[in-house]
Structure formats: structure tokens, C-alpha cells
$ cat structure22.pdb   # PDB, C-alpha atoms, pLDDT in the B column
ATOM      1  CA  MET A 654     109.550 127.235  40.826  1.00 51.00           C
ATOM      2  CA  VAL A 655     106.886 129.921  40.420  1.00 47.00           C
ATOM      3  CA  ARG A 656     104.244 127.261  40.948  1.00 53.00           C
ATOM      4  CA  LEU A 657     105.895 126.232  44.232  1.00 56.00           C
ATOM      5  CA  PHE A 658     106.045 129.854  45.396  1.00 55.00           C
ATOM      6  CA  GLY A 659     102.357 130.231  44.551  1.00 56.00           C
ATOM      7  CA  LEU A 660     101.403 127.531  47.068  1.00 58.00           C
ATOM      8  CA  LEU A 661     102.787 129.512  50.004  1.00 66.00           C
ATOM      9  CA  ASN A 662     100.881 132.238  51.811  1.00 74.00           C
ATOM     10  CA  ARG A 663     102.513 135.417  53.135  1.00 76.00           C
ATOM     11  CA  ARG A 664     103.455 134.107  56.584  1.00 80.00           C
ATOM     12  CA  THR A 665     104.719 130.774  55.261  1.00 83.00           C
ATOM     13  CA  SER A 666     106.754 132.539  52.555  1.00 81.00           C
ATOM     14  CA  ARG A 667     108.504 134.626  55.201  1.00 84.00           C
ATOM     15  CA  ILE A 668     109.178 131.662  57.466  1.00 88.00           C
ATOM     16  CA  VAL A 669     110.551 129.521  54.625  1.00 87.00           C
ATOM     17  CA  GLY A 670     112.578 132.515  53.364  1.00 87.00           C
ATOM     18  CA  VAL A 671     114.188 132.989  56.781  1.00 90.00           C
ATOM     19  CA  ILE A 672     114.894 129.261  57.117  1.00 92.00           C
ATOM     20  CA  LEU A 673     116.566 129.194  53.695  1.00 91.00           C
ATOM     21  CA  ALA A 674     118.626 132.272  54.591  1.00 91.00           C
ATOM     22  CA  VAL A 675     119.774 130.613  57.841  1.00 93.00           C
ATOM     23  CA  VAL A 676     120.696 127.458  55.898  1.00 93.00           C
ATOM     24  CA  ALA A 677     122.662 129.620  53.435  1.00 93.00           C
ATOM     25  CA  VAL A 678     124.582 131.284  56.280  1.00 93.00           C
ATOM     26  CA  GLY A 679     125.296 127.845  57.779  1.00 92.00           C
ATOM     27  CA  LEU A 680     126.623 126.590  54.451  1.00 91.00           C
ATOM     28  CA  VAL A 681     128.912 129.618  54.120  1.00 91.00           C
ATOM     29  CA  ALA A 682     130.190 129.064  57.670  1.00 92.00           C
ATOM     30  CA  GLY A 683     130.722 125.368  56.945  1.00 88.00           C
ATOM     31  CA  SER A 684     132.587 126.158  53.751  1.00 88.00           C
ATOM     32  CA  ILE A 685     134.857 128.618  55.529  1.00 91.00           C
ATOM     33  CA  GLY A 686     135.432 126.229  58.448  1.00 88.00           C
ATOM     34  CA  ALA A 687     136.262 123.301  56.169  1.00 82.00           C
ATOM     35  CA  THR A 688     138.647 125.434  54.117  1.00 86.00           C
ATOM     36  CA  VAL A 689     140.440 126.825  57.184  1.00 88.00           C
ATOM     37  CA  ALA A 690     140.776 123.350  58.744  1.00 83.00           C
ATOM     38  CA  ASP A 691     142.057 121.875  55.488  1.00 83.00           C
ATOM     39  CA  LEU A 692     144.571 124.661  54.899  1.00 86.00           C
ATOM     40  CA  ASP A 693     145.757 124.446  58.518  1.00 88.00           C
ATOM     41  CA  LEU A 694     146.288 120.696  58.193  1.00 87.00           C
ATOM     42  CA  ARG A 695     148.202 121.280  54.945  1.00 86.00           C
ATOM     43  CA  ALA A 696     150.420 123.900  56.566  1.00 89.00           C
ATOM     44  CA  HIS A 697     151.050 122.319  59.975  1.00 91.00           C
ATOM     45  CA  GLY A 698     150.125 118.652  59.556  1.00 91.00           C
ATOM     46  CA  VAL A 699     152.575 115.834  60.105  1.00 93.00           C
ATOM     47  CA  THR A 700     152.688 112.923  57.675  1.00 92.00           C
ATOM     48  CA  THR A 701     153.073 109.408  59.026  1.00 93.00           C
ATOM     49  CA  ASP A 702     152.101 105.847  58.202  1.00 93.00           C
ATOM     50  CA  ALA A 703     149.083 104.343  59.933  1.00 93.00           C
ATOM     51  CA  VAL A 704     148.014 100.716  60.147  1.00 93.00           C
ATOM     52  CA  VAL A 705     144.387  99.851  59.373  1.00 91.00           C
ATOM     53  CA  THR A 706     142.935  97.949  62.353  1.00 91.00           C
ATOM     54  CA  ASN A 707     139.278  97.738  61.318  1.00 88.00           C
ATOM     55  CA  VAL A 708     137.125  98.461  58.256  1.00 87.00           C
ATOM     56  CA  SER A 709     133.394  99.221  58.447  1.00 86.00           C
ATOM     57  CA  THR A 710     131.225  99.243  55.338  1.00 83.00           C
ATOM     58  CA  HIS A 711     128.139 101.454  55.099  1.00 78.00           C
ATOM     59  CA  PHE A 712     125.623 100.723  52.353  1.00 77.00           C
ATOM     60  CA  SER A 713     123.025 103.191  51.164  1.00 71.00           C
ATOM     61  CA  ARG A 714     120.375 102.784  48.500  1.00 70.00           C
ATOM     62  CA  LYS A 715     120.674 106.407  47.439  1.00 70.00           C
ATOM     63  CA  SER A 716     124.439 106.872  47.432  1.00 67.00           C
ATOM     64  CA  ALA A 717     127.622 104.941  46.920  1.00 72.00           C
ATOM     65  CA  THR A 718     129.063 102.605  49.503  1.00 77.00           C
ATOM     66  CA  THR A 719     131.289 104.330  52.031  1.00 80.00           C
ATOM     67  CA  TYR A 720     133.999 102.800  54.150  1.00 84.00           C
ATOM     68  CA  THR A 721     135.308 103.839  57.541  1.00 87.00           C
ATOM     69  CA  ASP A 722     138.826 102.671  58.317  1.00 88.00           C
ATOM     70  CA  LEU A 723     139.961 102.651  61.923  1.00 91.00           C
ATOM     71  CA  VAL A 724     143.692 103.404  61.842  1.00 92.00           C
ATOM     72  CA  GLU A 725     146.417 103.387  64.462  1.00 95.00           C
ATOM     73  CA  PHE A 726     149.607 105.437  64.328  1.00 94.00           C
ATOM     74  CA  SER A 727     152.418 106.648  66.561  1.00 92.00           C
ATOM     75  CA  THR A 728     153.546 110.236  67.073  1.00 91.00           C
ATOM     76  CA  PRO A 729     157.256 111.104  67.411  1.00 91.00           C
ATOM     77  CA  ASP A 730     156.931 111.118  71.224  1.00 90.00           C
ATOM     78  CA  GLY A 731     155.917 107.430  71.064  1.00 89.00           C
ATOM     79  CA  ALA A 732     152.230 107.924  71.892  1.00 92.00           C
ATOM     80  CA  GLU A 733     149.759 105.637  70.109  1.00 94.00           C
ATOM     81  CA  HIS A 734     146.638 107.196  68.567  1.00 93.00           C
ATOM     82  CA  ASP A 735     143.480 105.813  66.967  1.00 92.00           C
ATOM     83  CA  ALA A 736     141.470 107.673  64.364  1.00 90.00           C
ATOM     84  CA  SER A 737     138.835 106.929  61.768  1.00 89.00           C
ATOM     85  CA  ILE A 738     138.991 107.825  58.106  1.00 87.00           C
ATOM     86  CA  SER A 739     135.929 107.710  55.863  1.00 81.00           C
ATOM     87  CA  GLY A 740     136.002 107.448  52.105  1.00 74.00           C
ATOM     88  CA  SER A 741     134.833 105.692  48.998  1.00 68.00           C
ATOM     89  CA  ARG A 742     137.420 102.931  49.218  1.00 72.00           C
ATOM     90  CA  GLY A 743     138.285 100.739  52.148  1.00 70.00           C
ATOM     91  CA  ASP A 744     141.710  99.333  52.825  1.00 78.00           C
ATOM     92  CA  HIS A 745     142.389  95.856  54.158  1.00 84.00           C
ATOM     93  CA  VAL A 746     143.012  95.266  57.841  1.00 88.00           C
ATOM     94  CA  GLY A 747     146.772  95.315  58.402  1.00 90.00           C
ATOM     95  CA  SER A 748     147.564  97.500  55.404  1.00 91.00           C
ATOM     96  CA  THR A 749     149.504 100.737  55.777  1.00 91.00           C
ATOM     97  CA  VAL A 750     148.016 104.112  54.824  1.00 90.00           C
ATOM     98  CA  ALA A 751     149.807 107.470  54.647  1.00 90.00           C
ATOM     99  CA  VAL A 752     147.943 109.975  56.840  1.00 91.00           C
ATOM    100  CA  VAL A 753     148.382 113.587  57.867  1.00 92.00           C
ATOM    101  CA  TYR A 754     147.504 114.513  61.455  1.00 93.00           C
ATOM    102  CA  ASP A 755     147.358 117.743  63.417  1.00 91.00           C
ATOM    103  CA  PRO A 756     150.202 117.691  65.986  1.00 91.00           C
ATOM    104  CA  SER A 757     148.142 119.757  68.452  1.00 89.00           C
ATOM    105  CA  ASP A 758     145.183 117.342  68.067  1.00 88.00           C
ATOM    106  CA  PRO A 759     146.284 113.909  66.793  1.00 88.00           C
ATOM    107  CA  GLY A 760     142.625 112.890  66.518  1.00 84.00           C
ATOM    108  CA  THR A 761     142.318 115.157  63.476  1.00 85.00           C
ATOM    109  CA  VAL A 762     143.495 112.874  60.681  1.00 88.00           C
ATOM    110  CA  GLN A 763     143.050 112.784  56.926  1.00 86.00           C
ATOM    111  CA  PRO A 764     144.456 110.434  54.336  1.00 86.00           C
ATOM    112  CA  LYS A 765     147.378 112.107  52.602  1.00 85.00           C
ATOM    113  CA  SER A 766     145.771 111.336  49.249  1.00 79.00           C
ATOM    114  CA  SER A 767     142.744 113.518  50.127  1.00 77.00           C
ATOM    115  CA  LEU A 768     144.904 116.635  50.512  1.00 74.00           C
ATOM    116  CA  GLY A 769     145.881 116.749  46.863  1.00 71.00           C
ATOM    117  CA  GLY A 770     144.112 117.620  43.672  1.00 70.00           C
ATOM    118  CA  ALA A 771     140.642 119.089  43.912  1.00 74.00           C
ATOM    119  CA  TRP A 772     140.578 119.874  47.670  1.00 73.00           C
ATOM    120  CA  TRP A 773     138.732 123.099  46.872  1.00 80.00           C
ATOM    121  CA  LEU A 774     135.762 121.319  45.256  1.00 83.00           C
ATOM    122  CA  GLY A 775     133.880 120.677  48.530  1.00 81.00           C
ATOM    123  CA  PRO A 776     133.971 124.294  49.742  1.00 86.00           C
ATOM    124  CA  VAL A 777     133.017 125.574  46.285  1.00 88.00           C
ATOM    125  CA  LEU A 778     129.992 123.248  46.166  1.00 89.00           C
ATOM    126  CA  LEU A 779     128.939 124.409  49.639  1.00 89.00           C
ATOM    127  CA  LEU A 780     129.178 128.028  48.498  1.00 91.00           C
ATOM    128  CA  LEU A 781     127.116 127.302  45.377  1.00 93.00           C
ATOM    129  CA  PHE A 782     124.382 125.720  47.493  1.00 93.00           C
ATOM    130  CA  ALA A 783     124.589 128.693  49.869  1.00 94.00           C
ATOM    131  CA  LEU A 784     124.026 131.049  46.944  1.00 94.00           C
ATOM    132  CA  LEU A 785     121.070 128.999  45.736  1.00 94.00           C
ATOM    133  CA  PHE A 786     119.415 128.836  49.161  1.00 93.00           C
ATOM    134  CA  GLY A 787     120.161 132.503  49.843  1.00 92.00           C
ATOM    135  CA  TRP A 788     118.609 133.509  46.518  1.00 93.00           C
ATOM    136  CA  LEU A 789     115.524 131.352  47.150  1.00 91.00           C
ATOM    137  CA  GLY A 790     115.164 132.783  50.667  1.00 90.00           C
ATOM    138  CA  TRP A 791     115.453 136.340  49.354  1.00 90.00           C
ATOM    139  CA  ARG A 792     112.875 135.649  46.629  1.00 88.00           C
ATOM    140  CA  LEU A 793     110.409 134.201  49.130  1.00 86.00           C
ATOM    141  CA  TRP A 794     110.911 137.118  51.534  1.00 84.00           C
ATOM    142  CA  ARG A 795     110.362 139.635  48.738  1.00 85.00           C
ATOM    143  CA  ARG A 796     107.315 137.726  47.533  1.00 80.00           C
ATOM    144  CA  ALA A 797     105.828 137.851  51.050  1.00 77.00           C
ATOM    145  CA  SER A 798     106.326 141.613  51.101  1.00 76.00           C
ATOM    146  CA  ARG A 799     104.381 142.015  47.838  1.00 74.00           C
ATOM    147  CA  ILE A 800     101.428 139.748  48.628  1.00 59.00           C
ATOM    148  CA  VAL A 801      98.255 141.759  49.069  1.00 56.00           C
ATOM    149  CA  PRO A 802      95.783 140.209  51.504  1.00 57.00           C
ATOM    150  CA  MET A 803      92.576 139.012  49.858  1.00 56.00           C
ATOM    151  CA  GLN A 804      89.687 141.409  50.185  1.00 51.00           C
ATOM    152  CA  THR A 805      86.730 140.055  52.045  1.00 51.00           C
ATOM    153  CA  ALA A 806      83.197 141.291  51.823  1.00 48.00           C
ATOM    154  CA  GLU A 807      83.714 142.993  55.188  1.00 55.00           C
ATOM    155  CA  ASN A 808      86.737 144.915  53.880  1.00 52.00           C
ATOM    156  CA  VAL A 809      84.992 145.935  50.663  1.00 48.00           C
ATOM    157  CA  PHE A 810      81.607 146.953  52.088  1.00 50.00           C
ATOM    158  CA  GLY A 811      82.840 148.231  55.443  1.00 49.00           C
TER     159      GLY A 811
END
$ encode --input "structure22.pdb" --output "C-alpha cells"
Amino acid sequence: MVRLFGLLNRRTSRIVGVILAVVAVGLVAGSIGATVADLDLRAHGVTTDAVVTNVSTHFSRKSATTYTDLVEFSTPDGAEHDASISGSRGDHVGSTVAVVYDPSDPGTVQPKSSLGGAWWLGPVLLLLFALLFGWLGWRLWRRASRIVPMQTAENVFG
């Protein structure tokens, strides 16, 4: 880490420090937003059964395969809604999945199974990354404040 910091000059250290601080603030905001949305869906969400109408598979060399299920469900007023749900497992077309949707915005849907257990893990990980990036940004900013410009012959001999 010290070796990486040593490669940056004063101006670059400040710029990278500010960028890391902005990323940290964004991660904190994202963590808060995700937590508020999740808690709101838990408190006010309506549970219903949805039918899987399509399954898309996304392969990545660096991460696990993800699936996006297109689901269709009806609200109590009889309106039909489509939504997509992403996850690590795909269901078969025609199967039924329990979902929770926001009655004020039926497009906001999560599988009921995702609202249990370790729901807090995502926001906590975002906050940990925010702390890491904030600390790195602070260190780079402080380092830039302590760097003494190199003396040139003109500075030394006037």
C-alpha cells in the first residue's frame, strides 16, 4: 500500500483521495437507500404468487451464473403486472414463485425468500467498503498535504 502511495505525486494524490471519498459517500448513500427500500418493502409489501414467464441466463467468467426471471402477477384490483427478479437460481417457465411487491409501485418486486435471513449483509458490506475507500481517500489527501516539492537548483541557489 505504501508503495502504491509512493507512485503518486501531490496533485494526483489529492485527486485520487477526493475520488475515493466521493465513492465512499456514494456507498454510504447506497447502503442507506437499499436498507430503507428493503425495510419499507418488509413493512408495507404485499405477498402474492407470481408465474415465471421467461428465464434469462447470464454467464460471466469472473462470477457465478445469474438468472433473471420475468414474472407475472395480479394485484387485488385485478391488474396484471410484469416484473423481473434476478438471483443465483432460475426457476422454470410456468412455475410459481412467492413474491413481495410494493402496493404503491407494483414494479418493485422481490422474491419472498430474499427478505429473510441475512438481509442486512448487503448494506453492511457496502458500509465496510465505504469505510475502506474513505480511509484510503483520507490517507491520500493527508499524504498530499505533507509532500514537500523537490528543490531544484533554481530554488536552492536563487
$ atom_distance --input "structure22.pdb" --atom1 "CA of Val724 in chain A" --atom2 "CA of Ile738 in chain A"
7.5 Å
$ resolve_selection --input "structure22.pdb" --expression "the PyMOL selection byres ((chain A and resi 797) around 9)" --output "list in words"
Leu661, Asn662, Arg663, Arg664, Thr665, Ser666, Arg667, Gly670, Arg792, Leu793, Trp794, Arg795, Arg796, Ser798, Arg799, Ile800 and Val801 of chain A
$ resolve_selection --input "structure22.pdb" --expression "the PyMOL selection byres ((chain A and resi 702) around 9)" --output "list of chain:residue names"
A:Thr700, A:Thr701, A:Ala703, A:Val704, A:Glu725, A:Phe726, A:Ser727, A:Thr749, A:Val750, A:Ala751, A:Val752, A:Val753
$ atom_distance --input "structure22.pdb" --atom1 "CA of Thr718 in chain A" --atom2 "CA of Leu781 in chain A"
25.1 Å
$ atom_distance --input "structure22.pdb" --atom1 "CA of Asp722 in chain A" --atom2 "CA of Tyr754 in chain A"
15.0 Å
$ residues_around --input "structure22.pdb" --residues "His697 in chain A" --least-positions-apart "4" --cutoff "8 Å" --atoms "only C-alpha atoms" --output "MDAnalysis selection string"
chainID A and resid 693 755:756
$ resolve_selection --input "structure22.pdb" --expression "the PyMOL selection byres ((chain A and resi 706) around 6)" --output "PyMOL selection string"
chain A and resi 705+707+723-724+746
$ residues_near_point --input "structure22.pdb" --point "(135.0, 125.4, 46.9)" --cutoff "12 Å" --atoms "only C-alpha atoms" --output "number ranges by chain"
A: 680-681, 683-689, 691, 771-783
$ closest_atom_pairs --input "structure22.pdb" --of "range 656-697 of chain A" --to "range 786-791 of chain A" --cutoff "8 Å" --atoms "only C-alpha atoms" --output "JSON lines"
{"residue": "A:Val669", "atom": "CA", "partner": "A:Gly790", "partner_atom": "CA", "distance": 6.9}
{"residue": "A:Gly670", "atom": "CA", "partner": "A:Gly790", "partner_atom": "CA", "distance": 3.7}
{"residue": "A:Val671", "atom": "CA", "partner": "A:Gly790", "partner_atom": "CA", "distance": 6.2}
{"residue": "A:Ile672", "atom": "CA", "partner": "A:Gly790", "partner_atom": "CA", "distance": 7.4}
{"residue": "A:Leu673", "atom": "CA", "partner": "A:Gly790", "partner_atom": "CA", "distance": 4.9}
{"residue": "A:Ala674", "atom": "CA", "partner": "A:Gly787", "partner_atom": "CA", "distance": 5.0}
{"residue": "A:Val676", "atom": "CA", "partner": "A:Phe786", "partner_atom": "CA", "distance": 7.0}
{"residue": "A:Ala677", "atom": "CA", "partner": "A:Gly787", "partner_atom": "CA", "distance": 5.2}
{"residue": "A:Val678", "atom": "CA", "partner": "A:Gly787", "partner_atom": "CA", "distance": 7.9}
$ write_last_selection --input "structure22.pdb" --atoms "C-alpha atoms" --output "compact mmCIF listing (two decimals), in the coordinates of the input"
# COMPACT_ATOMS: atom_id res chain seq x y z
CA VAL A 669 110.55 129.52 54.62
CA GLY A 670 112.58 132.51 53.36
CA VAL A 671 114.19 132.99 56.78
CA ILE A 672 114.89 129.26 57.12
CA LEU A 673 116.57 129.19 53.70
CA ALA A 674 118.63 132.27 54.59
CA VAL A 676 120.70 127.46 55.90
CA ALA A 677 122.66 129.62 53.44
CA VAL A 678 124.58 131.28 56.28
$ closest_residue --input "structure22.pdb" --among "A:Ser739, A:Thr728, A:Thr721, A:Thr710" --to "Ser757 in chain A" --atoms "only C-alpha atoms"
A:Thr728
$ decode --input "structure22.pdb" --residues "range 664-794 of chain A" --atoms "C-alpha atoms" --output "compact mmCIF listing (two decimals), in the first residue's frame"
# COMPACT_ATOMS: atom_id res chain seq x y z
CA ARG A 664 -1.78 16.63 -7.29
CA THR A 665 -2.61 13.04 -8.22
CA SER A 666 -2.79 12.05 -4.53
CA ARG A 667 -5.36 14.78 -3.91
CA ILE A 668 -7.43 13.89 -6.96
CA VAL A 669 -7.45 10.17 -6.14
CA GLY A 670 -8.20 10.99 -2.47
CA VAL A 671 -11.23 13.08 -3.46
CA ILE A 672 -12.45 10.41 -5.88
CA LEU A 673 -12.19 7.74 -3.18
CA ALA A 674 -14.03 9.99 -0.71
CA VAL A 675 -16.84 10.55 -3.25
CA VAL A 676 -17.05 6.78 -3.84
CA ALA A 677 -17.25 6.26 -0.06
CA VAL A 678 -20.11 8.76 0.23
CA GLY A 679 -21.89 7.04 -2.67
CA LEU A 680 -21.52 3.66 -0.98
CA VAL A 681 -22.95 5.03 2.27
CA ALA A 682 -25.89 6.54 0.36
CA GLY A 683 -26.43 3.27 -1.49
CA SER A 684 -26.35 1.31 1.75
CA ILE A 685 -28.88 3.62 3.37
CA GLY A 686 -31.12 3.59 0.28
CA ALA A 687 -31.05 -0.20 -0.01
CA THR A 688 -31.82 -0.60 3.70
CA VAL A 689 -34.72 1.88 3.62
CA ALA A 690 -36.21 0.27 0.49
CA ASP A 691 -35.86 -3.21 1.97
CA LEU A 692 -37.39 -2.24 5.31
CA ASP A 693 -40.24 -0.41 3.55
CA LEU A 694 -40.99 -3.47 1.43
CA ARG A 695 -40.94 -5.62 4.57
CA ALA A 696 -43.33 -3.28 6.37
CA HIS A 697 -45.77 -2.43 3.56
CA GLY A 698 -45.21 -5.10 0.92
CA VAL A 699 -47.93 -7.45 -0.25
CA THR A 700 -47.17 -11.13 -0.74
CA THR A 701 -48.60 -12.92 -3.76
CA ASP A 702 -47.79 -15.76 -6.12
CA ALA A 703 -46.25 -14.94 -9.48
CA VAL A 704 -45.88 -17.15 -12.54
CA VAL A 705 -42.48 -17.30 -14.26
CA THR A 706 -42.95 -16.40 -17.94
CA ASN A 707 -39.32 -16.23 -19.08
CA VAL A 708 -35.86 -17.08 -17.72
CA SER A 709 -32.66 -15.42 -18.95
CA THR A 710 -29.25 -16.80 -18.06
CA HIS A 711 -26.21 -14.53 -17.77
CA PHE A 712 -22.77 -16.14 -17.75
CA SER A 713 -19.65 -14.42 -16.51
CA ARG A 714 -16.10 -15.70 -16.38
CA LYS A 715 -15.38 -13.83 -13.16
CA SER A 716 -18.55 -14.50 -11.20
CA ALA A 717 -21.27 -17.08 -10.81
CA THR A 718 -24.08 -17.51 -13.29
CA THR A 719 -27.04 -15.24 -12.63
CA TYR A 720 -30.61 -15.72 -13.73
CA THR A 721 -33.29 -13.16 -14.45
CA ASP A 722 -36.84 -14.45 -14.16
CA LEU A 723 -39.61 -12.47 -15.80
CA VAL A 724 -42.68 -12.97 -13.60
CA GLU A 725 -46.33 -12.04 -13.96
CA PHE A 726 -48.75 -11.50 -11.10
CA SER A 727 -52.13 -9.95 -10.36
CA THR A 728 -52.92 -7.32 -7.73
CA PRO A 729 -56.16 -7.47 -5.71
CA ASP A 730 -57.78 -4.95 -8.09
CA GLY A 731 -57.28 -7.45 -10.95
CA ALA A 732 -54.47 -5.58 -12.71
CA GLU A 733 -51.74 -7.71 -14.30
CA HIS A 734 -48.10 -6.73 -13.70
CA ASP A 735 -44.76 -7.91 -15.08
CA ALA A 736 -41.51 -7.69 -13.16
CA SER A 737 -38.05 -9.17 -13.29
CA ILE A 738 -36.25 -10.90 -10.46
CA SER A 739 -32.52 -11.59 -10.56
CA GLY A 740 -30.74 -14.19 -8.49
CA SER A 741 -28.40 -17.13 -8.36
CA ARG A 742 -31.07 -19.68 -9.24
CA GLY A 743 -33.54 -19.63 -12.07
CA ASP A 744 -36.99 -21.13 -11.92
CA HIS A 745 -38.66 -22.98 -14.77
CA VAL A 746 -41.10 -21.23 -17.07
CA GLY A 747 -44.60 -21.84 -15.72
CA SER A 748 -43.52 -22.38 -12.12
CA THR A 749 -44.98 -20.31 -9.29
CA VAL A 750 -42.81 -18.08 -7.09
CA ALA A 751 -43.86 -16.24 -3.93
CA VAL A 752 -43.04 -12.53 -4.33
CA VAL A 753 -43.49 -9.38 -2.29
CA TYR A 754 -44.41 -6.19 -4.16
CA ASP A 755 -44.87 -2.57 -3.19
CA PRO A 756 -48.60 -1.73 -3.49
CA SER A 757 -47.80 1.89 -4.44
CA ASP A 758 -45.37 0.68 -7.15
CA PRO A 759 -46.10 -2.91 -8.25
CA GLY A 760 -42.94 -2.85 -10.38
CA THR A 761 -40.89 -3.06 -7.19
CA VAL A 762 -40.78 -6.80 -6.58
CA GLN A 763 -38.54 -9.14 -4.62
CA PRO A 764 -38.74 -12.86 -4.07
CA LYS A 765 -40.19 -13.53 -0.64
CA SER A 766 -37.23 -15.80 0.11
CA SER A 767 -34.80 -12.85 -0.25
CA LEU A 768 -36.47 -10.93 2.59
CA GLY A 769 -35.48 -13.43 5.24
CA GLY A 770 -32.26 -14.36 6.94
CA ALA A 771 -29.22 -12.22 6.27
CA TRP A 772 -30.95 -9.24 4.56
CA TRP A 773 -28.57 -6.92 6.42
CA LEU A 774 -25.43 -8.45 4.86
CA GLY A 775 -25.53 -6.33 1.67
CA PRO A 776 -25.77 -2.96 3.45
CA VAL A 777 -23.07 -3.98 5.94
CA LEU A 778 -20.70 -4.93 3.10
CA LEU A 779 -21.38 -1.60 1.38
CA LEU A 780 -20.58 0.23 4.62
CA LEU A 781 -17.34 -1.73 5.06
CA PHE A 782 -16.24 -0.81 1.54
CA ALA A 783 -17.24 2.80 2.25
CA LEU A 784 -15.01 2.80 5.33
CA LEU A 785 -12.12 1.33 3.35
CA PHE A 786 -12.43 3.84 0.50
CA GLY A 787 -12.96 6.73 2.91
CA TRP A 788 -9.85 5.75 4.88
CA LEU A 789 -7.78 5.41 1.69
CA GLY A 790 -9.05 8.78 0.43
CA TRP A 791 -8.21 10.45 3.74
CA ARG A 792 -4.72 8.90 3.75
CA LEU A 793 -4.02 10.10 0.21
CA TRP A 794 -5.30 13.61 1.00
